[in-house]
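A.B. asks: The following file, data.pdb, comprises PDB, C-alpha atoms:
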```
ATOM      1  CA  MET A 186       0.000   0.000   0.000
ATOM      2  CA  ARG A 187       1.138   3.515  -0.771
ATOM      3  CA  GLN A 188       2.261   5.652   2.175
ATOM      4  CA  LEU A 189      -0.397   7.972   3.575
ATOM      5  CA  THR A 190       0.208  11.688   3.273
ATOM      6  CA  ARG A 191       1.061  13.457   6.516
ATOM      7  CA  PRO A 192      -2.355  15.149   6.987
ATOM      8  CA  VAL A 193      -4.225  11.912   6.227
ATOM      9  CA  ARG A 194      -1.960   9.885   8.530
ATOM     10  CA  ARG A 195      -2.377  12.388  11.367
ATOM     11  CA  GLY A 196      -6.148  12.529  10.946
ATOM     12  CA  LEU A 197      -6.393   8.753  10.868
ATOM     13  CA  LEU A 198      -4.106   8.493  13.887
ATOM     14  CA  VAL A 199      -6.394  10.833  15.845
ATOM     15  CA  VAL A 200      -9.418   8.749  14.832
ATOM     16  CA  HIS A 201      -7.620   5.533  15.829
ATOM     17  CA  VAL A 202      -6.538   6.847  19.231
ATOM     18  CA  VAL A 203      -9.960   8.347  20.047
ATOM     19  CA  VAL A 204     -11.815   5.203  18.996
ATOM     20  CA  SER A 205      -9.384   2.874  20.786
ATOM     21  CA  VAL A 206      -9.492   4.885  24.012
ATOM     22  CA  GLY A 207     -13.273   5.026  23.666
ATOM     23  CA  TRP A 208     -13.337   1.225  23.359
ATOM     24  CA  LEU A 209     -11.210   0.945  26.496
ATOM     25  CA  GLY A 210     -13.476   3.343  28.396
ATOM     26  CA  LEU A 211     -16.614   1.604  27.185
ATOM     27  CA  THR A 212     -15.182  -1.694  28.378
ATOM     28  CA  LEU A 213     -14.556  -0.188  31.812
ATOM     29  CA  GLY A 214     -18.180   0.980  31.831
ATOM     30  CA  MET A 215     -19.373  -2.501  30.812
ATOM     31  CA  LEU A 216     -17.337  -3.973  33.669
ATOM     32  CA  ALA A 217     -18.919  -1.542  36.128
ATOM     33  CA  LEU A 218     -22.379  -2.432  34.820
ATOM     34  CA  GLY A 219     -21.630  -6.164  34.961
ATOM     35  CA  ILE A 220     -20.569  -5.878  38.602
ATOM     36  CA  THR A 221     -23.575  -3.699  39.416
ATOM     37  CA  GLY A 222     -25.962  -6.176  37.796
ATOM     38  CA  SER A 223     -24.479  -9.113  39.654
ATOM     39  CA  VAL A 224     -24.909  -7.456  43.074
ATOM     40  CA  ALA A 225     -28.237  -5.745  42.345
ATOM     41  CA  ASP A 226     -30.750  -5.820  45.172
ATOM     42  CA  SER A 227     -33.780  -6.269  42.951
ATOM     43  CA  ALA A 228     -34.789  -7.748  39.610
ATOM     44  CA  GLU A 229     -35.786  -4.269  38.437
ATOM     45  CA  GLU A 230     -32.354  -2.848  39.195
ATOM     46  CA  ALA A 231     -30.609  -5.777  37.502
ATOM     47  CA  GLY A 232     -32.944  -5.454  34.525
ATOM     48  CA  ALA A 233     -32.071  -1.771  34.133
ATOM     49  CA  VAL A 234     -28.361  -2.616  34.255
ATOM     50  CA  TYR A 235     -28.632  -5.335  31.613
ATOM     51  CA  ARG A 236     -30.774  -3.084  29.423
ATOM     52  CA  SER A 237     -28.006  -0.465  29.652
ATOM     53  CA  MET A 238     -25.389  -3.054  28.742
ATOM     54  CA  ASN A 239     -27.529  -4.089  25.787
ATOM     55  CA  VAL A 240     -27.835  -0.522  24.478
ATOM     56  CA  LEU A 241     -24.087   0.103  24.840
ATOM     57  CA  GLY A 242     -23.304  -3.232  23.239
ATOM     58  CA  ASP A 243     -25.658  -2.693  20.299
ATOM     59  CA  TRP A 244     -24.742   0.903  19.554
ATOM     60  CA  LEU A 245     -21.118   1.275  20.607
ATOM     61  CA  LEU A 246     -19.212  -1.898  21.425
ATOM     62  CA  ILE A 247     -19.132  -3.577  18.018
ATOM     63  CA  PRO A 248     -18.795  -0.364  15.962
ATOM     64  CA  LEU A 249     -15.918   0.917  18.136
ATOM     65  CA  SER A 250     -14.103  -2.414  18.047
ATOM     66  CA  LEU A 251     -14.436  -2.666  14.261
ATOM     67  CA  LEU A 252     -13.400   0.955  13.728
ATOM     68  CA  SER A 253     -10.375   0.472  15.986
ATOM     69  CA  LEU A 254      -9.360  -2.648  14.056
ATOM     70  CA  THR A 255      -9.921  -1.044  10.655
ATOM     71  CA  SER A 256      -8.169   2.239  11.436
ATOM     72  CA  GLY A 257      -5.231   0.329  12.921
ATOM     73  CA  ILE A 258      -4.877  -1.824   9.805
ATOM     74  CA  VAL A 259      -5.019   1.184   7.482
ATOM     75  CA  LEU A 260      -2.479   3.059   9.629
ATOM     76  CA  SER A 261      -0.104   0.109   9.731
ATOM     77  CA  LEU A 262      -0.297  -0.490   5.994
ATOM     78  CA  GLY A 263      -0.033   3.197   5.130
ATOM     79  CA  THR A 264       2.968   4.014   7.330
ATOM     80  CA  PRO A 265       6.536   2.727   7.659
ATOM     81  CA  TRP A 266       5.474   0.676  10.719
ATOM     82  CA  GLY A 267       3.820  -1.897   8.463
ATOM     83  CA  LEU A 268       1.495  -4.636   9.646
ATOM     84  CA  ALA A 269       4.118  -7.360  10.068
ATOM     85  CA  ARG A 270       7.398  -5.434  10.254
ATOM     86  CA  HIS A 271       7.442  -4.631  13.969
ATOM     87  CA  ARG A 272       6.525  -7.125  16.649
ATOM     88  CA  TRP A 273       4.469  -4.652  18.671
ATOM     89  CA  VAL A 274       2.280  -3.817  15.648
ATOM     90  CA  TYR A 275       1.866  -7.501  14.840
ATOM     91  CA  VAL A 276       0.882  -8.306  18.450
ATOM     92  CA  LYS A 277      -1.570  -5.381  18.482
ATOM     93  CA  PHE A 278      -3.174  -6.587  15.262
ATOM     94  CA  TRP A 279      -3.723 -10.160  16.465
ATOM     95  CA  LEU A 280      -4.915  -9.213  19.939
ATOM     96  CA  THR A 281      -7.292  -6.614  18.509
ATOM     97  CA  LEU A 282      -8.642  -9.149  16.008
ATOM     98  CA  ILE A 283      -9.146 -11.749  18.752
ATOM     99  CA  THR A 284     -10.812  -9.329  21.168
ATOM    100  CA  THR A 285     -13.043  -7.933  18.414
ATOM    101  CA  ALA A 286     -14.210 -11.454  17.590
ATOM    102  CA  ALA A 287     -14.667 -12.330  21.277
ATOM    103  CA  THR A 288     -16.663  -9.153  21.801
ATOM    104  CA  ALA A 289     -18.855  -9.790  18.772
ATOM    105  CA  PHE A 290     -19.536 -13.444  19.421
ATOM    106  CA  ALA A 291     -19.073 -14.230  23.119
ATOM    107  CA  LEU A 292     -19.823 -11.058  25.082
ATOM    108  CA  ARG A 293     -22.689  -9.949  22.847
ATOM    109  CA  ALA A 294     -24.224 -13.427  23.101
ATOM    110  CA  ARG A 295     -24.091 -13.299  26.902
ATOM    111  CA  ILE A 296     -25.578  -9.785  26.977
ATOM    112  CA  ASP A 297     -28.351 -10.984  24.626
ATOM    113  CA  ALA A 298     -29.042 -13.963  26.919
ATOM    114  CA  ALA A 299     -29.291 -11.655  29.945
ATOM    115  CA  MET A 300     -31.662  -9.392  28.009
ATOM    116  CA  ALA A 301     -33.827 -12.351  26.980
ATOM    117  CA  ASP A 302     -34.139 -13.287  30.659
ATOM    118  CA  VAL A 303     -35.030  -9.693  31.598
ATOM    119  CA  VAL A 304     -37.643  -9.376  28.826
ATOM    120  CA  ALA A 305     -39.191 -12.738  29.753
ATOM    121  CA  GLY A 306     -39.340 -11.730  33.418
ATOM    122  CA  ARG A 307     -37.009 -14.565  34.453
ATOM    123  CA  PRO A 308     -34.107 -14.136  36.841
ATOM    124  CA  VAL A 309     -30.924 -13.514  34.905
ATOM    125  CA  GLY A 310     -28.687 -16.573  34.837
ATOM    126  CA  PRO A 311     -25.078 -16.606  36.030
ATOM    127  CA  THR A 312     -23.441 -13.272  35.299
ATOM    128  CA  THR A 313     -19.774 -14.129  35.788
ATOM    129  CA  ASP A 314     -19.241 -13.854  32.008
ATOM    130  CA  LEU A 315     -20.500 -10.266  32.139
ATOM    131  CA  ILE A 316     -17.751  -9.492  34.655
ATOM    132  CA  LEU A 317     -14.986 -11.776  33.417
ATOM    133  CA  ALA A 318     -15.125 -10.785  29.720
ATOM    134  CA  PRO A 319     -14.839  -7.020  30.299
ATOM    135  CA  SER A 320     -12.115  -7.647  32.915
ATOM    136  CA  VAL A 321      -9.997  -9.613  30.456
ATOM    137  CA  SER A 322     -10.702  -7.117  27.684
ATOM    138  CA  LEU A 323      -9.740  -4.214  29.904
ATOM    139  CA  GLY A 324      -6.408  -5.876  30.690
ATOM    140  CA  ILE A 325      -5.743  -6.537  27.017
ATOM    141  CA  TYR A 326      -6.650  -2.991  25.946
ATOM    142  CA  THR A 327      -4.430  -1.538  28.646
ATOM    143  CA  PHE A 328      -1.584  -3.751  27.419
ATOM    144  CA  LEU A 329      -2.239  -2.671  23.807
ATOM    145  CA  THR A 330      -2.162   0.981  24.851
ATOM    146  CA  ALA A 331       1.116   0.444  26.701
ATOM    147  CA  ILE A 332       2.850  -1.238  23.759
ATOM    148  CA  SER A 333       1.591   1.515  21.455
ATOM    149  CA  VAL A 334       3.445   4.021  23.596
ATOM    150  CA  ILE A 335       6.547   1.941  24.404
ATOM    151  CA  LYS A 336       6.899   0.168  21.010
ATOM    152  CA  PRO A 337       8.929  -2.792  22.345
ATOM    153  CA  TRP A 338      10.498  -5.893  20.793
ATOM    154  CA  GLY A 339      12.013  -4.605  17.559
ATOM    155  CA  LEU A 340      11.569  -5.893  14.038
ATOM    156  CA  THR A 341      10.056  -9.163  12.878
ATOM    157  CA  ALA A 342      11.996 -11.342  10.424
ATOM    158  CA  ARG A 343       9.944  -9.777   7.634
ATOM    159  CA  GLY A 344      10.802  -6.303   8.930
ATOM    160  CA  ARG A 345      14.520  -7.133   8.981
ATOM    161  CA  ARG A 346      14.346  -8.405   5.376
ATOM    162  CA  PHE A 347      12.425  -5.306   4.286
ATOM    163  CA  ARG A 348      14.938  -3.002   5.983
ATOM    164  CA  ALA A 349      17.883  -4.852   4.388
ATOM    165  CA  ILE A 350      16.351  -4.543   0.912
ATOM    166  CA  ARG A 351      15.506  -0.878   1.434
ATOM    167  CA  HIS A 352      19.030   0.015   2.601
ATOM    168  CA  ARG A 353      20.819  -1.600  -0.350
TER     169      ARG A 353
END
```
Take the structure in the file and write it out as structure tokens.
C.D. replies:
Amino acid sequence: MRQLTRPVRRGLLVVHVVVSVGWLGLTLGMLALGITGSVADSAEEAGAVYRSMNVLGDWLLIPLSLLSLTSGIVLSLGTPWGLARHRWVYVKFWLTLITTAATAFALRARIDAAMADVVAGRPVGPTTDLILAPSVSLGIYTFLTAISVIKPWGLTARGRRFRAIRHR
């Protein structure tokens, strides 16, 4: 892919950072709601919590995760960092892909199950998934943010080959 121009790269970088930090913050909010729902004193309170989780999941969680993944891919392909040239970028890509899929398929399914219980007037089943999933995600997103700042581990084998060819 052709290198992005400076204004486009900067604009896309701002979008990527805002969306990624928004995803992290939303995950923290989902964790708080999951904990609140699990210790709720009444079915009405728990129902309100799970309805809130459902709204956030439907309107923000999947779109933010997909936009973070997409903007990160475009940035990596359109800048000298590359997608598979630096280990930290490669790790970010795979962890973001995995967490996006887990969010879309596992967490959303559990939120939908809780909502089905609320709508049917049944007690919500075990809610440990609604605490565990955001907890794990929060740890991963914090790690991804840290490696974005620190940029550890150096080049991949592909990155070393690319650099050797470029410097000939």
A.B. asks: Exactly which residues make up the result of the PyMOL selection byres ((chain A and resi 187) around 9) on this file, given as a ChimeraX atom specification?
C.D. replies: /A:186,188-189,262-264
A.B. asks: What does the distance from atom CA of A:Gly267 to atom CA of A:Arg346 come to in Å, to one decimal?
C.D. replies: 12.8 Å
A.B. asks: Pick out the closest residue to A:Leu245 from this set: A:Val200, A:Leu209, A:Leu282, A:Val334. Count only C-alpha atoms.
C.D. replies: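 Checking each candidate against A:Leu245, we get A:Leu209 as the closest.
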A.B. asks: So how many Å separate atom CA of A:Val259 and atom CA of A:Val193, to one decimal?
C.D. replies: 10.8 Å
A.B. asks: Quick one: of A:Ser223, A:Thr288, A:Thr341, A:Ser320, who's nearest to A:Gly242, counting only C-alpha atoms?
C.D. replies: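 Smallest distance to A:Gly242 is found for A:Thr288.
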A.B. asks: If the PyMOL selection byres ((chain A and resi 268-276) around 10) were run on this exact file, what residues would it hold? Put them as a ChimeraX atom specification.
C.D. replies: /A:257-267,277-282,329,332-333,335-348
A.B. asks: Pull N, CA and C atoms for stretch 257-288 of chain A from the block and write them as an mmCIF file, in the first residue's frame.
C.D. replies:
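result22.cif was written with the following content:
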```cif
data_model
loop_
_atom_site.group_PDB
_atom_site.id
_atom_site.type_symbol
_atom_site.label_atom_id
_atom_site.label_comp_id
_atom_site.auth_asym_id
_atom_site.auth_seq_id
_atom_site.Cartn_x
_atom_site.Cartn_y
_atom_site.Cartn_z
ATOM 1 N N GLY A 257 -6.563 0.841 12.624
ATOM 2 C CA GLY A 257 -5.231 0.329 12.921
ATOM 3 C C GLY A 257 -4.599 -0.366 11.728
ATOM 4 N N ILE A 258 -5.393 -1.134 11.004
ATOM 5 C CA ILE A 258 -4.877 -1.824 9.805
ATOM 6 C C ILE A 258 -4.472 -0.807 8.749
ATOM 7 N N VAL A 259 -5.340 0.169 8.497
ATOM 8 C CA VAL A 259 -5.019 1.184 7.482
ATOM 9 C C VAL A 259 -3.774 1.967 7.886
ATOM 10 N N LEU A 260 -3.671 2.346 9.155
ATOM 11 C CA LEU A 260 -2.479 3.059 9.629
ATOM 12 C C LEU A 260 -1.221 2.211 9.454
ATOM 13 N N SER A 261 -1.307 0.947 9.826
ATOM 14 C CA SER A 261 -0.104 0.109 9.731
ATOM 15 C C SER A 261 0.315 -0.088 8.288
ATOM 16 N N LEU A 262 -0.636 -0.269 7.404
ATOM 17 C CA LEU A 262 -0.297 -0.490 5.994
ATOM 18 C C LEU A 262 0.131 0.793 5.288
ATOM 19 N N GLY A 263 -0.334 1.929 5.777
ATOM 20 C CA GLY A 263 -0.033 3.197 5.130
ATOM 21 C C GLY A 263 1.106 3.981 5.761
ATOM 22 N N THR A 264 1.839 3.359 6.679
ATOM 23 C CA THR A 264 2.968 4.014 7.330
ATOM 24 C C THR A 264 4.173 3.075 7.313
ATOM 25 N N PRO A 265 5.347 3.588 7.624
ATOM 26 C CA PRO A 265 6.536 2.727 7.659
ATOM 27 C C PRO A 265 6.481 1.624 8.719
ATOM 28 N N TRP A 266 5.560 1.723 9.696
ATOM 29 C CA TRP A 266 5.474 0.676 10.719
ATOM 30 C C TRP A 266 5.103 -0.655 10.105
ATOM 31 N N GLY A 267 4.241 -0.654 9.092
ATOM 32 C CA GLY A 267 3.820 -1.897 8.463
ATOM 33 C C GLY A 267 3.007 -2.768 9.406
ATOM 34 N N LEU A 268 2.326 -3.751 8.836
ATOM 35 C CA LEU A 268 1.495 -4.636 9.646
ATOM 36 C C LEU A 268 2.308 -5.772 10.257
ATOM 37 N N ALA A 269 3.336 -6.218 9.564
ATOM 38 C CA ALA A 269 4.118 -7.360 10.068
ATOM 39 C C ALA A 269 5.614 -7.062 10.095
ATOM 40 N N ARG A 270 5.974 -5.794 10.198
ATOM 41 C CA ARG A 270 7.398 -5.434 10.254
ATOM 42 C C ARG A 270 7.911 -5.281 11.675
ATOM 43 N N HIS A 271 7.060 -4.845 12.573
ATOM 44 C CA HIS A 271 7.442 -4.631 13.969
ATOM 45 C C HIS A 271 6.586 -5.533 14.848
ATOM 46 N N ARG A 272 7.232 -6.162 15.799
ATOM 47 C CA ARG A 272 6.525 -7.125 16.649
ATOM 48 C C ARG A 272 5.361 -6.489 17.398
ATOM 49 N N TRP A 273 5.540 -5.271 17.900
ATOM 50 C CA TRP A 273 4.469 -4.652 18.671
ATOM 51 C C TRP A 273 3.234 -4.405 17.808
ATOM 52 N N VAL A 274 3.422 -4.044 16.540
ATOM 53 C CA VAL A 274 2.280 -3.817 15.648
ATOM 54 C C VAL A 274 1.584 -5.145 15.358
ATOM 55 N N TYR A 275 2.385 -6.169 15.128
ATOM 56 C CA TYR A 275 1.866 -7.501 14.840
ATOM 57 C C TYR A 275 1.058 -8.034 16.029
ATOM 58 N N VAL A 276 1.587 -7.878 17.237
ATOM 59 C CA VAL A 276 0.882 -8.306 18.450
ATOM 60 C C VAL A 276 -0.416 -7.517 18.607
ATOM 61 N N LYS A 277 -0.355 -6.207 18.385
ATOM 62 C CA LYS A 277 -1.570 -5.381 18.482
ATOM 63 C C LYS A 277 -2.635 -5.850 17.501
ATOM 64 N N PHE A 278 -2.212 -6.139 16.273
ATOM 65 C CA PHE A 278 -3.174 -6.587 15.262
ATOM 66 C C PHE A 278 -3.882 -7.860 15.716
ATOM 67 N N TRP A 279 -3.119 -8.870 16.107
ATOM 68 C CA TRP A 279 -3.723 -10.160 16.465
ATOM 69 C C TRP A 279 -4.580 -10.063 17.723
ATOM 70 N N LEU A 280 -4.112 -9.344 18.730
ATOM 71 C CA LEU A 280 -4.915 -9.213 19.939
ATOM 72 C C LEU A 280 -6.186 -8.408 19.682
ATOM 73 N N THR A 281 -6.096 -7.389 18.851
ATOM 74 C CA THR A 281 -7.292 -6.614 18.509
ATOM 75 C C THR A 281 -8.276 -7.465 17.717
ATOM 76 N N LEU A 282 -7.780 -8.256 16.787
ATOM 77 C CA LEU A 282 -8.642 -9.149 16.008
ATOM 78 C C LEU A 282 -9.333 -10.163 16.922
ATOM 79 N N ILE A 283 -8.585 -10.755 17.826
ATOM 80 C CA ILE A 283 -9.146 -11.749 18.752
ATOM 81 C C ILE A 283 -10.178 -11.119 19.678
ATOM 82 N N THR A 284 -9.864 -9.957 20.242
ATOM 83 C CA THR A 284 -10.812 -9.329 21.168
ATOM 84 C C THR A 284 -12.045 -8.796 20.441
ATOM 85 N N THR A 285 -11.877 -8.360 19.200
ATOM 86 C CA THR A 285 -13.043 -7.933 18.414
ATOM 87 C C THR A 285 -13.971 -9.116 18.183
ATOM 88 N N ALA A 286 -13.398 -10.253 17.805
ATOM 89 C CA ALA A 286 -14.210 -11.454 17.590
ATOM 90 C C ALA A 286 -14.859 -11.920 18.890
ATOM 91 N N ALA A 287 -14.110 -11.912 19.986
ATOM 92 C CA ALA A 287 -14.667 -12.330 21.277
ATOM 93 C C ALA A 287 -15.793 -11.404 21.707
ATOM 94 N N THR A 288 -15.616 -10.117 21.463
ATOM 95 C CA THR A 288 -16.663 -9.153 21.801
ATOM 96 C C THR A 288 -17.911 -9.411 20.973
#
```
